[in-house]
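Okay, so here's the structure we're looking at.
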Amino acid sequence: MSTEQKVKQVLSSVLNLSDRVAKFDASTPLLGAVPELDSMAVVSVLTALEEKFGFTINDDEVDGRTFATMGNLVAFVESKLAA
């Protein structure tokens with residue numbers, strides 16, 4: 001399973017997006033475009049990503065660009081995995 005597929009699983013689970021997430025690609029906007037993704041949900045998604053992938057995310061590593069698009073979020077996760 002690819003990193004993108006795993007990130008989609010996390011988003012689907014945390015935000016209860018069910019099948020909607022299957023249509024997401026790298027250019028899909030997230031923050032501001034997915035109503036379920038509000039500031040509280042961002043924290044839940046980050047926590048779920050930490051648990052799923054086994055890394056720690058520091059507050060200063062995340063900003064609005066991280067959740068701008070699906071591609072940005074996947075790239076962020078991949079960068080954490082490579083570190």
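Following the order of the structure tokens, first chain is A, next is B, and so on, with residues numbered from 1 inside each chain and ligands from 1 in the order they appear.
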Identify, on the basis of only C-alpha atoms, every residue whose closest approach to Val14 in chain A does not exceed 9 Å; exclude the query and any residue fewer than 5 positions from it along the same chain; express the result as a compact mmCIF listing (two decimals) with N, CA and C atoms, in the first residue's frame.
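And here's result-v9.txt as it stands now:
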```txt
# COMPACT_ATOMS: atom_id res chain seq x y z
N GLN A 9 -6.53 6.67 3.94
CA GLN A 9 -7.21 5.89 4.98
C GLN A 9 -7.36 6.71 6.25
N ALA A 41 -10.01 19.20 13.62
CA ALA A 41 -9.79 17.98 12.85
C ALA A 41 -8.33 17.86 12.41
N SER A 44 -6.49 16.14 15.06
CA SER A 44 -6.82 14.71 15.07
C SER A 44 -6.13 13.97 13.93
N VAL A 45 -6.08 14.59 12.76
CA VAL A 45 -5.41 13.97 11.61
C VAL A 45 -3.92 13.83 11.90
N ALA A 48 -3.39 10.99 14.28
CA ALA A 48 -3.60 9.70 13.60
C ALA A 48 -2.44 9.36 12.67
```
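Residues lying within 12 Å of Asn72 in chain A, counting only C-alpha atoms and ignoring same-chain neighbours fewer than 4 positions away, are Glu4, Val7, Asp25, Ala26, Ser27, Thr28, Pro29, Leu30, Leu31, Val62, Asp63, Gly64, Arg65, Thr66, Phe67, Ala68, Phe76, Val77, Glu78 and Ser79 of chain A.
If you measure from each of A:Met40, A:Gly32, A:Gly54, A:Ser2 to Leu15 in chain A using only C-alpha atoms, the closest one turns out to be A:Met40.
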>> If I take CA of Val74 in chain A and CA of Leu37 in chain A, how far is one from the other in Å, to one decimal?
In response: 15.7 Å
>> As an exercise, work out the distance from CA of Met70 in chain A to CA of Phe24 in chain A in Å and give it to one decimal place.
In response: 7.0 Å
>> Let's see if you can do this: from backbone DSSP, list all alpha helix (DSSP H) residues in chain A, as a ChimeraX atom specification.
In response: /A:3-15,39-53,70-82
Those same residues - C-alpha atoms - I'd like them written as a compact mmCIF listing (two decimals), in the first residue's frame.
```txt
# COMPACT_ATOMS: atom_id res chain seq x y z
CA THR A 3 1.90 6.31 1.40
CA GLU A 4 -0.88 8.17 -0.43
CA GLN A 5 -3.30 5.29 0.15
CA LYS A 6 -2.40 5.17 3.84
CA VAL A 7 -2.89 8.93 4.19
CA LYS A 8 -6.27 8.59 2.46
CA GLN A 9 -7.21 5.89 4.98
CA VAL A 10 -6.34 8.23 7.85
CA LEU A 11 -8.33 11.11 6.35
CA SER A 12 -11.30 8.87 5.64
CA SER A 13 -11.26 7.43 9.15
CA VAL A 14 -10.69 10.65 11.11
CA LEU A 15 -12.98 12.86 9.02
CA SER A 39 -8.74 23.32 13.03
CA MET A 40 -9.74 20.66 15.54
CA ALA A 41 -9.79 17.98 12.85
CA VAL A 42 -6.26 18.96 11.77
CA VAL A 43 -5.01 18.05 15.24
CA SER A 44 -6.82 14.71 15.07
CA VAL A 45 -5.41 13.97 11.61
CA LEU A 46 -1.87 14.78 12.76
CA THR A 47 -2.26 12.50 15.78
CA ALA A 48 -3.60 9.70 13.60
CA LEU A 49 -0.70 10.13 11.15
CA GLU A 50 1.78 9.89 14.03
CA GLU A 51 0.15 6.67 15.19
CA LYS A 52 -0.16 5.15 11.71
CA PHE A 53 3.38 5.92 10.57
CA MET A 70 -3.55 16.07 -0.79
CA GLY A 71 -0.15 16.10 -2.51
CA ASN A 72 1.28 18.46 0.09
CA LEU A 73 0.08 16.26 2.93
CA VAL A 74 1.49 13.11 1.33
CA ALA A 75 4.81 14.88 0.66
CA PHE A 76 4.92 15.97 4.30
CA VAL A 77 4.37 12.37 5.49
CA GLU A 78 7.00 11.07 3.06
CA SER A 79 9.50 13.66 4.31
CA LYS A 80 8.85 12.56 7.90
CA LEU A 81 9.35 8.91 6.91
CA ALA A 82 12.64 9.73 5.18
```
> Please, what distance in Å, to one decimal, runs between CA of Val21 in chain A and CA of Val34 in chain A?
Replying inline: 10.2 Å
